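Engineer: Next up, structure.cif (mmCIF, C-alpha atoms).
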data_target
#
loop_
_atom_site.label_atom_id
_atom_site.label_comp_id
_atom_site.auth_asym_id
_atom_site.auth_seq_id
_atom_site.Cartn_x
_atom_site.Cartn_y
_atom_site.Cartn_z
CA MET A 1 37.26 19.90 -10.74
CA GLU A 2 35.18 21.71 -13.40
CA VAL A 3 34.15 18.39 -14.91
CA ASN A 4 33.00 17.18 -11.49
CA SER A 5 31.03 20.38 -10.90
CA THR A 6 29.29 20.01 -14.27
CA ILE A 7 28.40 16.38 -13.56
CA LEU A 8 27.01 17.29 -10.13
CA MET A 9 24.97 20.16 -11.53
CA VAL A 10 23.51 18.09 -14.39
CA CYS A 11 22.70 15.14 -12.12
CA GLY A 12 21.13 17.44 -9.55
CA LEU A 13 18.95 19.10 -12.20
CA ILE A 14 17.83 15.72 -13.61
CA VAL A 15 16.89 14.44 -10.15
CA MET A 16 14.97 17.63 -9.33
CA ILE A 17 12.98 17.37 -12.57
CA ALA A 18 12.30 13.67 -11.92
CA ASP A 19 11.23 14.40 -8.31
CA ILE A 20 8.79 17.20 -9.07
CA THR A 21 7.38 15.30 -12.08
CA ALA A 22 6.82 12.20 -9.95
CA PHE A 23 5.15 14.28 -7.25
CA ALA A 24 2.76 15.93 -9.73
CA LEU A 25 1.82 12.76 -11.63
CA ILE A 26 1.37 10.47 -8.62
CA PHE A 27 -0.45 13.14 -6.60
CA ARG A 28 -2.82 13.54 -9.54
CA ILE A 29 -3.53 9.80 -9.39
CA TYR A 30 -4.30 10.17 -5.69
CA LEU A 31 -6.74 13.02 -6.32
CA LYS A 32 -8.57 10.95 -8.93
CA TYR A 33 -8.62 7.52 -7.27
CA ARG A 34 -7.95 8.29 -3.58
CA ARG A 35 -5.37 5.54 -3.08
CA LYS A 36 -3.57 6.66 0.08
CA SER A 37 -0.37 4.90 -0.93
CA ALA A 38 -0.22 7.20 -3.97
CA LEU A 39 -0.55 10.24 -1.68
CA ILE A 40 2.30 9.04 0.55
CA PHE A 41 4.56 8.23 -2.41
CA SER A 42 3.90 11.63 -4.01
CA LEU A 43 4.87 13.42 -0.79
CA ALA A 44 8.04 11.32 -0.65
CA TRP A 45 9.15 12.70 -4.01
CA LEU A 46 8.35 16.22 -2.87
CA SER A 47 10.62 15.67 0.15
CA ASP A 48 13.40 14.40 -2.12
CA PHE A 49 12.99 17.51 -4.27
CA VAL A 50 13.45 19.70 -1.18
CA MET A 51 16.50 17.67 -0.17
CA VAL A 52 18.23 18.00 -3.56
CA THR A 53 17.37 21.71 -3.80
CA LEU A 54 18.78 22.57 -0.38
CA SER A 55 21.83 20.30 -0.57
CA THR A 56 23.51 22.74 -2.97
CA SER A 57 23.45 25.50 -0.33
CA ASN A 58 26.53 26.61 1.64
CA ARG A 59 24.47 27.52 4.72
CA SER A 60 24.61 25.04 7.58
CA LEU A 61 20.94 25.43 8.52
CA LEU A 62 19.75 24.64 4.99
CA LEU A 63 22.07 21.63 4.81
CA TYR A 64 20.60 20.32 8.07
CA ILE A 65 17.10 20.75 6.62
CA ALA A 66 18.25 18.88 3.50
CA GLU A 67 19.46 15.98 5.64
CA ILE A 68 16.18 15.92 7.55
CA SER A 69 14.30 15.97 4.23
CA LEU A 70 16.21 12.85 3.15
CA THR A 71 15.07 11.01 6.29
CA VAL A 72 11.48 12.21 5.65
CA PHE A 73 11.77 10.85 2.09
CA ALA A 74 12.86 7.47 3.47
CA MET A 75 10.07 7.48 6.06
CA LEU A 76 7.43 8.22 3.42
CA ILE A 77 8.76 5.57 1.02
CA PHE A 78 8.54 3.04 3.87
CA ALA A 79 5.08 4.22 4.96
CA GLY A 80 3.82 4.17 1.36
CA SER A 81 5.14 0.64 0.87
CA VAL A 82 3.39 -0.59 4.02
CA LYS A 83 0.16 1.16 2.97
CA LEU A 84 0.33 -0.41 -0.50
CA LEU A 85 0.63 -3.87 1.07
CA GLU A 86 -2.32 -3.05 3.32
CA GLU A 87 -4.44 -1.89 0.37
CA GLU A 88 -3.63 -5.10 -1.49
CA SER A 89 -4.25 -7.21 1.65
CA ILE A 90 -0.75 -8.69 1.45
CA PRO A 91 0.58 -9.71 4.87
CA ILE A 92 4.17 -8.81 5.77
CA SER A 93 6.19 -11.94 6.47
CA TYR A 94 7.15 -12.41 10.12
CA SER A 95 10.52 -13.76 9.04
CA THR A 96 11.12 -10.58 7.06
CA LEU A 97 10.27 -8.42 10.06
CA LYS A 98 12.65 -10.41 12.26
CA LYS A 99 15.47 -9.95 9.75
CA LEU A 100 14.83 -6.23 9.55
CA GLY A 101 15.52 -6.09 13.29
CA LEU A 102 19.20 -6.55 12.38
CA MET A 103 19.18 -2.95 11.15
CA ALA A 104 19.60 -1.72 14.75
CA PRO A 105 23.08 -3.18 15.43
CA GLY A 106 23.89 -2.75 11.76
CA PHE A 107 23.28 0.99 12.00
CA TYR A 108 25.57 1.26 15.04
CA LEU A 109 28.39 -0.52 13.22
CA PHE A 110 27.74 1.62 10.16
CA ILE A 111 28.22 4.86 12.13
CA ILE A 112 31.52 3.55 13.53
CA LEU A 113 32.68 2.76 9.98
CA VAL A 114 31.71 6.24 8.78
CA TYR A 115 33.75 7.85 11.55
CA LYS A 116 36.73 5.56 10.88
CA SER A 117 36.50 6.29 7.15
CA THR A 118 36.15 10.07 7.34
CA GLY A 119 37.65 10.97 10.72
CA ASN A 120 35.11 13.79 10.80
CA PRO A 121 32.77 13.72 13.84
CA ASN A 122 30.52 16.50 12.47
CA TRP A 123 29.97 14.63 9.17
CA THR A 124 29.39 11.39 11.06
CA LEU A 125 26.74 12.87 13.37
CA THR A 126 24.89 14.73 10.62
CA ALA A 127 25.25 13.41 7.06
CA GLY A 128 26.39 9.96 8.23
CA VAL A 129 23.39 9.47 10.51
CA SER A 130 20.96 10.88 7.91
CA LEU A 131 22.32 8.69 5.11
CA GLY A 132 22.47 5.63 7.36
CA ILE A 133 18.90 5.87 8.68
CA SER A 134 17.53 6.75 5.26
CA GLY A 135 19.42 3.91 3.58
CA ALA A 136 18.10 1.41 6.12
CA PHE A 137 14.46 2.43 5.73
CA VAL A 138 14.59 2.68 1.94
CA PHE A 139 16.30 -0.72 1.77
CA ALA A 140 13.62 -2.17 4.09
CA SER A 141 10.92 -0.66 1.85
CA GLY A 142 12.30 -2.53 -1.15
CA ILE A 143 12.40 -5.80 0.80
CA ILE A 144 8.78 -5.59 1.97
CA LEU A 145 7.60 -4.51 -1.51
CA ARG A 146 8.78 -7.76 -3.11
CA PRO A 147 5.45 -9.65 -2.69
CA ILE A 148 3.60 -7.13 -4.90
CA GLU A 149 5.40 -8.68 -7.88
CA GLU A 150 2.62 -11.29 -7.91
CA ILE A 151 0.15 -8.54 -8.80
CA TYR A 152 2.18 -5.96 -10.74
CA LYS A 153 4.69 -8.35 -12.39
CA LYS A 154 7.73 -6.81 -14.11
CA THR A 155 6.94 -3.23 -13.06
CA ALA A 156 6.94 -4.25 -9.38
CA LYS A 157 10.22 -6.10 -9.82
CA ILE A 158 11.89 -3.01 -11.27
CA LEU A 159 10.45 -0.91 -8.45
CA TYR A 160 11.52 -3.04 -5.50
CA LEU A 161 14.97 -3.70 -6.98
CA SER A 162 15.57 0.01 -7.64
CA VAL A 163 14.37 0.86 -4.12
CA VAL A 164 16.74 -1.71 -2.60
CA LEU A 165 19.67 -0.43 -4.69
CA PHE A 166 18.85 3.18 -3.83
CA GLY A 167 18.96 2.29 -0.14
CA LEU A 168 22.26 0.43 -0.52
CA HIS A 169 23.94 3.22 -2.48
CA LEU A 170 23.53 5.55 0.51
CA VAL A 171 26.09 3.44 2.42
CA PRO A 172 29.13 4.39 0.28
CA ALA A 173 27.71 7.93 0.05
CA ALA A 174 28.22 8.27 3.81
CA LEU A 175 31.58 6.50 3.80
CA PHE A 176 33.14 8.40 0.91
CA GLY A 177 30.97 11.51 0.55
CA LEU A 178 33.79 13.82 1.67
CA TYR A 179 36.14 12.63 -1.07
CA GLU A 180 36.18 14.48 -4.40
CA TRP A 181 36.76 11.32 -6.42
CA TYR A 182 33.48 9.77 -5.18
CA LEU A 183 31.13 12.71 -5.75
CA PRO A 184 30.49 12.19 -9.52
CA ILE A 185 30.14 8.43 -8.96
CA GLY A 186 27.68 8.89 -6.11
CA PHE A 187 25.60 11.49 -7.94
CA MET A 188 25.39 9.37 -11.09
CA LEU A 189 24.30 6.33 -9.05
CA SER A 190 21.72 8.41 -7.20
CA THR A 191 20.40 9.85 -10.47
CA THR A 192 20.14 6.40 -12.09
CA PHE A 193 18.29 4.79 -9.18
CA THR A 194 16.01 7.81 -8.73
CA ILE A 195 14.95 7.71 -12.39
CA LEU A 196 14.29 3.95 -12.14
CA MET A 197 12.22 4.44 -8.98
CA VAL A 198 10.24 7.31 -10.48
CA TYR A 199 9.59 5.43 -13.72
CA SER A 200 8.53 2.17 -12.08
CA MET A 201 6.47 3.83 -9.33
CA TYR A 202 4.53 5.93 -11.83
CA ARG A 203 4.01 2.90 -14.06
CA LEU A 204 2.74 0.88 -11.10
CA THR A 205 0.37 3.57 -9.83
CA SER A 206 -1.01 3.96 -13.37
CA MET A 207 -1.72 0.26 -13.90
CA ARG A 208 -5.25 -1.08 -14.06
CA GLU A 209 -4.54 -3.33 -11.09
CA PHE A 210 -3.64 -0.31 -8.94
CA LEU A 211 -6.71 1.61 -10.08
CA LYS A 212 -9.04 -1.38 -9.69
CA ASP A 213 -10.66 0.17 -6.62
CA SER A 214 -12.29 2.80 -8.81
CA ILE A 215 -15.99 2.14 -9.31
CA GLU A 216 -17.37 2.74 -12.75
CA THR A 217 -20.85 4.15 -13.11
CA VAL A 218 -22.92 1.16 -14.22
CA LYS A 219 -26.58 0.28 -14.29
CA VAL A 220 -27.31 -1.88 -11.26
CA PRO A 221 -30.17 -4.40 -11.64
CA ASP A 222 -33.22 -3.79 -9.52
CA ILE A 223 -32.41 -5.34 -6.15
CA HIS A 224 -33.69 -5.03 -2.62
CA THR A 225 -32.07 -2.19 -0.64
CA GLY A 226 -30.96 -3.03 2.88
CA THR A 227 -30.14 -6.52 4.17
CA MET A 228 -31.07 -9.80 2.51
CA ILE A 229 -30.59 -13.30 3.92
CA ILE A 230 -30.58 -15.92 1.19
CA SER A 231 -29.78 -19.63 0.91
CA PRO A 232 -26.64 -20.95 -0.88
CA LYS A 233 -28.85 -22.17 -3.75
CA GLU A 234 -30.06 -18.63 -4.39
CA LEU A 235 -26.53 -17.20 -4.58
CA GLY A 236 -25.86 -18.56 -8.07
CA LYS A 237 -28.94 -16.83 -9.47
CA ILE A 238 -28.10 -13.51 -7.80
CA ALA A 239 -24.44 -13.78 -8.86
CA THR A 240 -25.52 -14.08 -12.49
CA LYS A 241 -27.82 -11.09 -12.07
CA LEU A 242 -24.95 -9.03 -10.62
CA GLU A 243 -22.29 -10.32 -13.02
CA ASN A 244 -21.31 -6.90 -14.41
CA VAL A 245 -21.84 -4.97 -11.18
CA PRO A 246 -18.82 -3.89 -9.04
CA VAL A 247 -19.83 -6.05 -6.08
CA LEU A 248 -17.74 -6.29 -2.91
CA ALA A 249 -17.68 -9.97 -1.94
CA PHE A 250 -16.29 -11.79 1.09
CA LEU A 251 -16.43 -15.42 0.00
CA ARG A 252 -15.49 -18.96 0.90
CA ASP A 253 -16.96 -20.45 -2.28
CA LEU A 254 -15.01 -18.74 -5.08
CA LYS A 255 -16.99 -20.40 -7.88
CA HIS A 256 -19.58 -17.64 -7.54
CA SER A 257 -17.05 -14.81 -7.89
CA ARG A 258 -17.13 -12.69 -11.05
CA PRO A 259 -14.29 -10.80 -12.81
CA GLU A 260 -15.94 -7.43 -12.15
CA TRP A 261 -16.27 -8.11 -8.44
CA LYS A 262 -13.81 -7.10 -5.78
CA THR A 263 -13.53 -10.46 -4.06
CA TYR A 264 -11.76 -11.28 -0.81
CA PHE A 265 -11.26 -14.94 0.06
CA ILE A 266 -11.85 -15.50 3.78
CA THR A 267 -9.29 -18.00 4.99
CA ALA A 268 -6.99 -18.70 7.91
CA VAL A 269 -4.20 -19.52 5.43
CA PRO A 270 -3.25 -16.41 3.35
CA PHE A 271 -2.32 -16.93 -0.29
CA ARG A 272 -2.50 -15.05 -3.58
CA LYS A 273 -4.75 -15.99 -6.49
CA GLU A 274 -5.48 -14.23 -9.74
CA ASN A 275 -8.71 -12.20 -9.89
CA LEU A 276 -8.81 -11.85 -6.10
CA ALA A 277 -8.49 -8.51 -4.32
CA GLY A 278 -6.79 -10.42 -1.52
CA THR A 279 -7.30 -12.75 1.40
CA LEU A 280 -8.54 -11.92 4.89
CA ALA A 281 -8.35 -13.86 8.13
CA PRO A 282 -11.76 -14.83 9.57
CA THR A 283 -10.83 -12.97 12.76
CA ASP A 284 -10.16 -9.71 10.94
CA LEU A 285 -13.69 -8.30 11.22
CA ALA A 286 -12.33 -4.77 11.71
CA LYS A 287 -10.51 -4.94 8.37
CA MET A 288 -13.66 -6.21 6.65
CA THR A 289 -15.58 -3.29 8.14
CA GLU A 290 -12.96 -0.81 6.92
CA ILE A 291 -12.97 -2.27 3.40
CA THR A 292 -16.77 -2.13 3.32
CA PHE A 293 -16.79 1.49 4.48
CA GLN A 294 -14.26 2.53 1.82
CA TYR A 295 -16.22 0.64 -0.85
CA LEU A 296 -19.55 2.27 0.11
CA GLU A 297 -17.90 5.69 0.24
CA GLU A 298 -16.70 5.24 -3.32
CA THR A 299 -19.97 3.85 -4.66
CA SER A 300 -21.76 6.74 -2.99
CA ARG A 301 -19.46 9.28 -4.70
CA LYS A 302 -20.10 7.58 -8.05
CA GLY A 303 -23.86 7.43 -7.48
CA VAL A 304 -23.83 3.63 -7.74
CA PRO A 305 -25.69 1.49 -5.15
CA GLY A 306 -23.14 -0.65 -3.34
CA VAL A 307 -23.71 -4.41 -3.09
CA ILE A 308 -21.88 -6.50 -0.48
CA ILE A 309 -22.07 -10.30 -0.46
CA ILE A 310 -20.93 -12.46 2.47
CA ASP A 311 -21.26 -16.23 2.07
CA CYS A 312 -19.26 -17.27 5.15
CA VAL A 313 -21.24 -16.30 8.25
CA GLU A 314 -21.00 -19.86 9.57
CA TYR A 315 -17.22 -19.89 8.99
CA LEU A 316 -16.83 -16.53 10.73
CA SER A 317 -18.80 -17.84 13.72
CA MET A 318 -16.16 -20.54 14.21
CA TYR A 319 -13.44 -17.94 14.81
CA ASN A 320 -15.43 -15.19 16.54
CA SER A 321 -17.91 -15.10 19.40
CA TRP A 322 -21.54 -14.83 18.33
CA GLU A 323 -21.80 -11.45 20.06
CA SER A 324 -18.80 -10.07 18.14
CA LEU A 325 -20.21 -11.41 14.89
CA MET A 326 -23.59 -9.80 15.54
CA LYS A 327 -21.94 -6.45 16.28
CA PHE A 328 -19.96 -6.75 13.06
CA LEU A 329 -23.00 -7.58 10.91
CA SER A 330 -25.07 -4.89 12.64
CA LYS A 331 -22.41 -2.31 11.79
CA LEU A 332 -22.41 -3.42 8.14
CA ARG A 333 -26.21 -3.18 8.09
CA ASP A 334 -26.03 0.40 9.38
CA LEU A 335 -23.42 1.35 6.79
CA VAL A 336 -25.57 -0.10 4.01
CA LEU A 337 -28.68 1.71 5.24
CA VAL A 338 -26.88 5.05 5.41
CA LYS A 339 -25.37 4.68 1.92
CA GLY A 340 -28.45 3.13 0.29
CA GLY A 341 -26.73 -0.14 -0.59
CA THR A 342 -27.47 -3.84 -0.21
CA LEU A 343 -25.97 -6.41 2.14
CA ILE A 344 -26.53 -10.00 1.03
CA LEU A 345 -25.83 -12.73 3.59
CA VAL A 346 -25.70 -16.26 2.27
CA ILE A 347 -26.60 -18.66 5.08
CA ASP A 348 -27.53 -22.32 5.19
CA LYS A 349 -30.33 -22.30 7.77
CA ASN A 350 -29.53 -25.87 8.76
CA SER A 351 -25.95 -24.99 9.72
CA ILE A 352 -26.97 -22.55 12.48
CA GLU A 353 -29.09 -23.12 15.56
CA GLU A 354 -32.67 -22.02 14.97
CA ARG A 355 -32.49 -19.66 17.95
CA LEU A 356 -29.38 -17.92 16.55
CA PHE A 357 -30.78 -17.81 13.03
CA ASN A 358 -33.97 -16.13 14.27
CA GLN A 359 -31.89 -13.68 16.26
CA LEU A 360 -29.90 -12.90 13.15
CA ARG A 361 -33.02 -12.29 11.06
CA LYS A 362 -34.57 -10.11 13.75
CA LEU A 363 -31.42 -8.02 14.06
CA LEU A 364 -30.72 -7.56 10.38
CA GLU A 365 -33.93 -7.85 8.41
#
What would the structure in this file look like if it were written as structure tokens?
Structural biologist:
Amino acid sequence: MEVNSTILMVCGLIVMIADITAFALIFRIYLKYRRKSALIFSLAWLSDFVMVTLSTSNRSLLLYIAEISLTVFAMLIFAGSVKLLEEESIPISYSTLKKLGLMAPGFYLFIILVYKSTGNPNWTLTAGVSLGISGAFVFASGIILRPIEEIYKKTAKILYLSVVLFGLHLVPAALFGLYEWYLPIGFMLSTTFTILMVYSMYRLTSMREFLKDSIETVKVPDIHTGTMIISPKELGKIATKLENVPVLAFLRDLKHSRPEWKTYFITAVPFRKENLAGTLAPTDLAKMTEITFQYLEETSRKGVPGVIIIDCVEYLSMYNSWESLMKFLSKLRDLVLVKGGTLILVIDKNSIEERLFNQLRKLLE
């Protein structure tokens, strides 16, 4: 009994230190680089710290708060994972979402098993439900995080595997948590997976790829402020001129992209490619607007004129009405004017009706 108490105390202390350290380090990354996924992940570790701290109490109210804190931890891990995929422009697989729907009947069966295993209705309705819901959402977080391995390599693999295992280990915790023999096993598993999650999550949020959205203060070549409409032949010359500038580019022709640019490939068929910030569907004008706004906000904070290049107006017009496209480009023009940046539209005059091209020039230039 004394050995078990010592193990529980040591494991609890290690987890608390890991939690508060993860919160401080990842929250610091958020303050510096403003990645919202880092903010959500940092708050998740703060919730876990509260859970571990209160779980040692003998008061029922504090134990209930601890159980709620565990579900908040799971919610934030899930929300942070979804936000990270959004920031990296990685779509969530429809097949994955359909499979996650199995969690609903699975949770019901799980609660029945907990009651059959413990015979304790109070434990089943409190700790059992908390552990079951939390395990499901943490497990789901690990599953949807798997695609980030293409960007963050080994660190991402360690992260999503540790998140999946953490979610799974909550199942036996609910089934056997009332038995003395399981407590040291459960706490050691929880401590191991927590340390792996903390380590890999901090490593990931500290990687250059994660911090790539930060804009360095660089000298931008003298370029027209406002909106420019150029021909495809002129793009090569301008691309060379802006080679070392943190340009935001929405492209169809990737040969003009530069390593320092944040390039999104506009395509109806999503895929991942090295040196790309991601892919965007041609119908996702709202997402392009949001990315442009965030980019101009950051360049404005850094005192660097933002430069946005779009070489696919004709392609966008195939998937959107001309009126919607004009509203989209007009909004980008306004954002650029307010922030003192440059919007460069690459258009082949011969590919658009003369009437529409003149309308475009009148609206934007």
Engineer: Could you tell me which residues the PyMOL selection byres ((chain A and resi 134) around 9) returns for this structure, as a list of chain:residue names?
Structural biologist: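 Given this file, the PyMOL selection byres ((chain A and resi 134) around 9) evaluates to A:Leu70, A:Thr71, A:Val72, A:Phe73, A:Ala74, A:Met75, A:Val129, A:Ser130, A:Leu131, A:Gly132, A:Ile133, A:Gly135, A:Ala136, A:Phe137, A:Val138, A:Phe139, A:Gly167, A:Leu170.
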Engineer: Quick check, in Å to one decimal: how far apart do atom CA of Ile344 of chain A and atom CA of Ser324 of chain A lie?
Structural biologist: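 Going from atom CA of Ile344 of chain A over to atom CA of Ser324 of chain A, I get 18.8 Å.
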Engineer: Considering all atoms listed in the file, can you say which of A:Thr155, A:Thr283, A:Ser117, A:Ser81 comes closest to Glu209 of chain A?
Structural biologist: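 Ranked by minimum distance to Glu209 of chain A, first place goes to A:Thr155.
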Engineer: Which polymer residues, protein or nucleic acid, are no farther than 12 Å from (30.7, 15.1, 9.1), counting only C-alpha atoms, as a PDB file with C-alpha atoms, keeping the file's coordinate frame?
Structural biologist:
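Writing done, so here's selection_36.pdb:
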ATOM      1  CA  SER A  60      24.610  25.040   7.580  1.00  0.00           C
ATOM      2  CA  LEU A  63      22.070  21.630   4.810  1.00  0.00           C
ATOM      3  CA  TYR A  64      20.600  20.320   8.070  1.00  0.00           C
ATOM      4  CA  GLU A  67      19.460  15.980   5.640  1.00  0.00           C
ATOM      5  CA  ILE A 111      28.220   4.860  12.130  1.00  0.00           C
ATOM      6  CA  VAL A 114      31.710   6.240   8.780  1.00  0.00           C
ATOM      7  CA  TYR A 115      33.750   7.850  11.550  1.00  0.00           C
ATOM      8  CA  LYS A 116      36.730   5.560  10.880  1.00  0.00           C
ATOM      9  CA  SER A 117      36.500   6.290   7.150  1.00  0.00           C
ATOM     10  CA  THR A 118      36.150  10.070   7.340  1.00  0.00           C
ATOM     11  CA  GLY A 119      37.650  10.970  10.720  1.00  0.00           C
ATOM     12  CA  ASN A 120      35.110  13.790  10.800  1.00  0.00           C
ATOM     13  CA  PRO A 121      32.770  13.720  13.840  1.00  0.00           C
ATOM     14  CA  ASN A 122      30.520  16.500  12.470  1.00  0.00           C
ATOM     15  CA  TRP A 123      29.970  14.630   9.170  1.00  0.00           C
ATOM     16  CA  THR A 124      29.390  11.390  11.060  1.00  0.00           C
ATOM     17  CA  LEU A 125      26.740  12.870  13.370  1.00  0.00           C
ATOM     18  CA  THR A 126      24.890  14.730  10.620  1.00  0.00           C
ATOM     19  CA  ALA A 127      25.250  13.410   7.060  1.00  0.00           C
ATOM     20  CA  GLY A 128      26.390   9.960   8.230  1.00  0.00           C
ATOM     21  CA  VAL A 129      23.390   9.470  10.510  1.00  0.00           C
ATOM     22  CA  SER A 130      20.960  10.880   7.910  1.00  0.00           C
ATOM     23  CA  LEU A 131      22.320   8.690   5.110  1.00  0.00           C
ATOM     24  CA  ALA A 173      27.710   7.930   0.050  1.00  0.00           C
ATOM     25  CA  ALA A 174      28.220   8.270   3.810  1.00  0.00           C
ATOM     26  CA  LEU A 175      31.580   6.500   3.800  1.00  0.00           C
ATOM     27  CA  PHE A 176      33.140   8.400   0.910  1.00  0.00           C
ATOM     28  CA  GLY A 177      30.970  11.510   0.550  1.00  0.00           C
ATOM     29  CA  LEU A 178      33.790  13.820   1.670  1.00  0.00           C
ATOM     30  CA  TYR A 179      36.140  12.630  -1.070  1.00  0.00           C
TER      31      TYR A 179
END
Engineer: So how many Å separate atom CA of Leu161 of chain A and atom CA of Leu54 of chain A, to one decimal?
Structural biologist: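 Between atom CA of Leu161 of chain A and atom CA of Leu54 of chain A the gap is 27.4 Å.
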Engineer: If you apply the PyMOL selection byres ((chain A and resi 307) around 6) to this file, what residues do you get, as a PyMOL selection string?
Structural biologist: chain A and resi 247+306+308+341-342
Engineer: List the residues selected by the PyMOL selection byres ((chain A and resi 150-154) around 9) in the file shown, writing them as a PyMOL selection string.
Structural biologist: chain A and resi 88+146-149+155-159+204+207+209-210+272-274
Engineer: Please produce a file of the residues just selected, as a tab-separated table (two decimals), in the coordinates of the input, where the atoms kept are C-alpha atoms.
Structural biologist:
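Wrote it out as result-v2.tsv, contents follow:
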chain	number	residue	atom	x	y	z
A	88	GLU	CA	-3.63	-5.10	-1.49
A	146	ARG	CA	8.78	-7.76	-3.11
A	147	PRO	CA	5.45	-9.65	-2.69
A	148	ILE	CA	3.60	-7.13	-4.90
A	149	GLU	CA	5.40	-8.68	-7.88
A	155	THR	CA	6.94	-3.23	-13.06
A	156	ALA	CA	6.94	-4.25	-9.38
A	157	LYS	CA	10.22	-6.10	-9.82
A	158	ILE	CA	11.89	-3.01	-11.27
A	159	LEU	CA	10.45	-0.91	-8.45
A	204	LEU	CA	2.74	0.88	-11.10
A	207	MET	CA	-1.72	0.26	-13.90
A	209	GLU	CA	-4.54	-3.33	-11.09
A	210	PHE	CA	-3.64	-0.31	-8.94
A	272	ARG	CA	-2.50	-15.05	-3.58
A	273	LYS	CA	-4.75	-15.99	-6.49
A	274	GLU	CA	-5.48	-14.23	-9.74
Engineer: For Met16 of chain A, find every residue with an atom within 12 Å (counting only C-alpha atoms), except residues of its own chain fewer than 6 positions away, and show them as a ChimeraX atom specification.
Structural biologist: /A:9-10,22-23,45-56,190-191,194-195,198
Engineer: Under the rule that all atoms listed in the file are counted, which of A:Leu61, A:Leu335, A:Ala281, A:Asp348 is the nearest residue to Pro91 of chain A?
Structural biologist: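 Of the candidates, the smallest distance to Pro91 of chain A is held by A:Ala281.
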Engineer: Go ahead and compute the interatomic distance for atom CA of Val269 of chain A and atom CA of Val313 of chain A, in Å to one decimal.
Structural biologist: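 Computing it gives 17.6 Å between the two atoms.
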Engineer: Name the residues, using the chain letters and numbers of the file, that sit within 12 Å of (-18.5, -2.8, 9.6) when counting all atoms listed in the file, and give them as JSON, numbers by chain.
Structural biologist: {"A": [284, 285, 286, 287, 288, 289, 290, 291, 292, 293, 294, 295, 296, 308, 324, 325, 326, 327, 328, 329, 330, 331, 332, 333, 334, 335, 336, 337, 343]}
Engineer: Please provide the set of residues having any atom within 6 Å of Leu345 of chain A, restricted to only C-alpha atoms, with same-chain residues fewer than 5 positions apart removed, written as a ChimeraX atom specification.
Structural biologist: /A:229,310-311
Engineer: When you count all atoms listed in the file, which of these residues is closest to Glu314 of chain A: A:Arg301, A:Arg252, A:Arg28, A:Lys339?
Structural biologist: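 Of A:Arg301, A:Arg252, A:Arg28, A:Lys339, the one nearest Glu314 of chain A is A:Arg252, counting all atoms listed in the file.
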Engineer: Between A:Ile65, A:Ala140, A:Met197, A:Val346, which is the closest to Ala239 of chain A once you count all atoms listed in the file?
Structural biologist: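 Among the listed residues, the smallest separation from Ala239 of chain A belongs to A:Val346.
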Engineer: Write out as a list in words which residues come within 10 Å of Leu25 of chain A when counting only C-alpha atoms, dropping same-chain ones fewer than 5 positions away.
Structural biologist: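 Counting only C-alpha atoms, the residues come to Ile20, Tyr30, Ala38, Ser42, Tyr202, Thr205 and Ser206 of chain A.
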Engineer: Just to be explicit: take each residue in the selection above, keep C-alpha atoms, and write the result as a short mmCIF file (atom, residue, chain, number, x, y, z; two decimals), in the coordinates of the input.
Structural biologist:
data_model
loop_
_atom_site.label_atom_id
_atom_site.label_comp_id
_atom_site.auth_asym_id
_atom_site.auth_seq_id
_atom_site.Cartn_x
_atom_site.Cartn_y
_atom_site.Cartn_z
CA ILE A 20 8.79 17.20 -9.07
CA TYR A 30 -4.30 10.17 -5.69
CA ALA A 38 -0.22 7.20 -3.97
CA SER A 42 3.90 11.63 -4.01
CA TYR A 202 4.53 5.93 -11.83
CA THR A 205 0.37 3.57 -9.83
CA SER A 206 -1.01 3.96 -13.37
#
Engineer: Looking at all atoms listed in the file, which of A:Glu353, A:Thr267, A:Glu87, A:Ala104 is the one that sits closest to Arg34 of chain A?
Structural biologist: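 The closest residue to Arg34 of chain A is A:Glu87.
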Engineer: Please write segment 22-43 of chain A of the preceding block to a file containing C-alpha atoms, as a compact mmCIF listing (two decimals), in the first residue's frame?
Structural biologist:
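result23.txt, written as the output of this step:
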# COMPACT_ATOMS: atom_id res chain seq x y z
CA ALA A 22 4.26 22.53 -21.48
CA PHE A 23 1.72 25.27 -20.81
CA ALA A 24 4.44 27.90 -20.23
CA LEU A 25 6.64 26.94 -23.20
CA ILE A 26 3.87 26.51 -25.78
CA PHE A 27 1.99 29.61 -24.59
CA ARG A 28 5.23 31.55 -25.02
CA ILE A 29 5.41 30.32 -28.62
CA TYR A 30 1.85 31.55 -29.14
CA LEU A 31 2.68 35.00 -27.76
CA LYS A 32 5.64 35.29 -30.12
CA TYR A 33 4.22 33.80 -33.32
CA ARG A 34 0.42 33.98 -32.80
CA ARG A 35 -0.29 30.44 -33.99
CA LYS A 36 -3.75 29.78 -32.55
CA SER A 37 -3.13 26.03 -32.41
CA ALA A 38 -0.29 26.74 -29.95
CA LEU A 39 -2.68 28.76 -27.76
CA ILE A 40 -5.24 25.94 -27.71
CA PHE A 41 -2.61 23.28 -26.95
CA SER A 42 -1.13 25.37 -24.12
CA LEU A 43 -4.56 25.75 -22.51
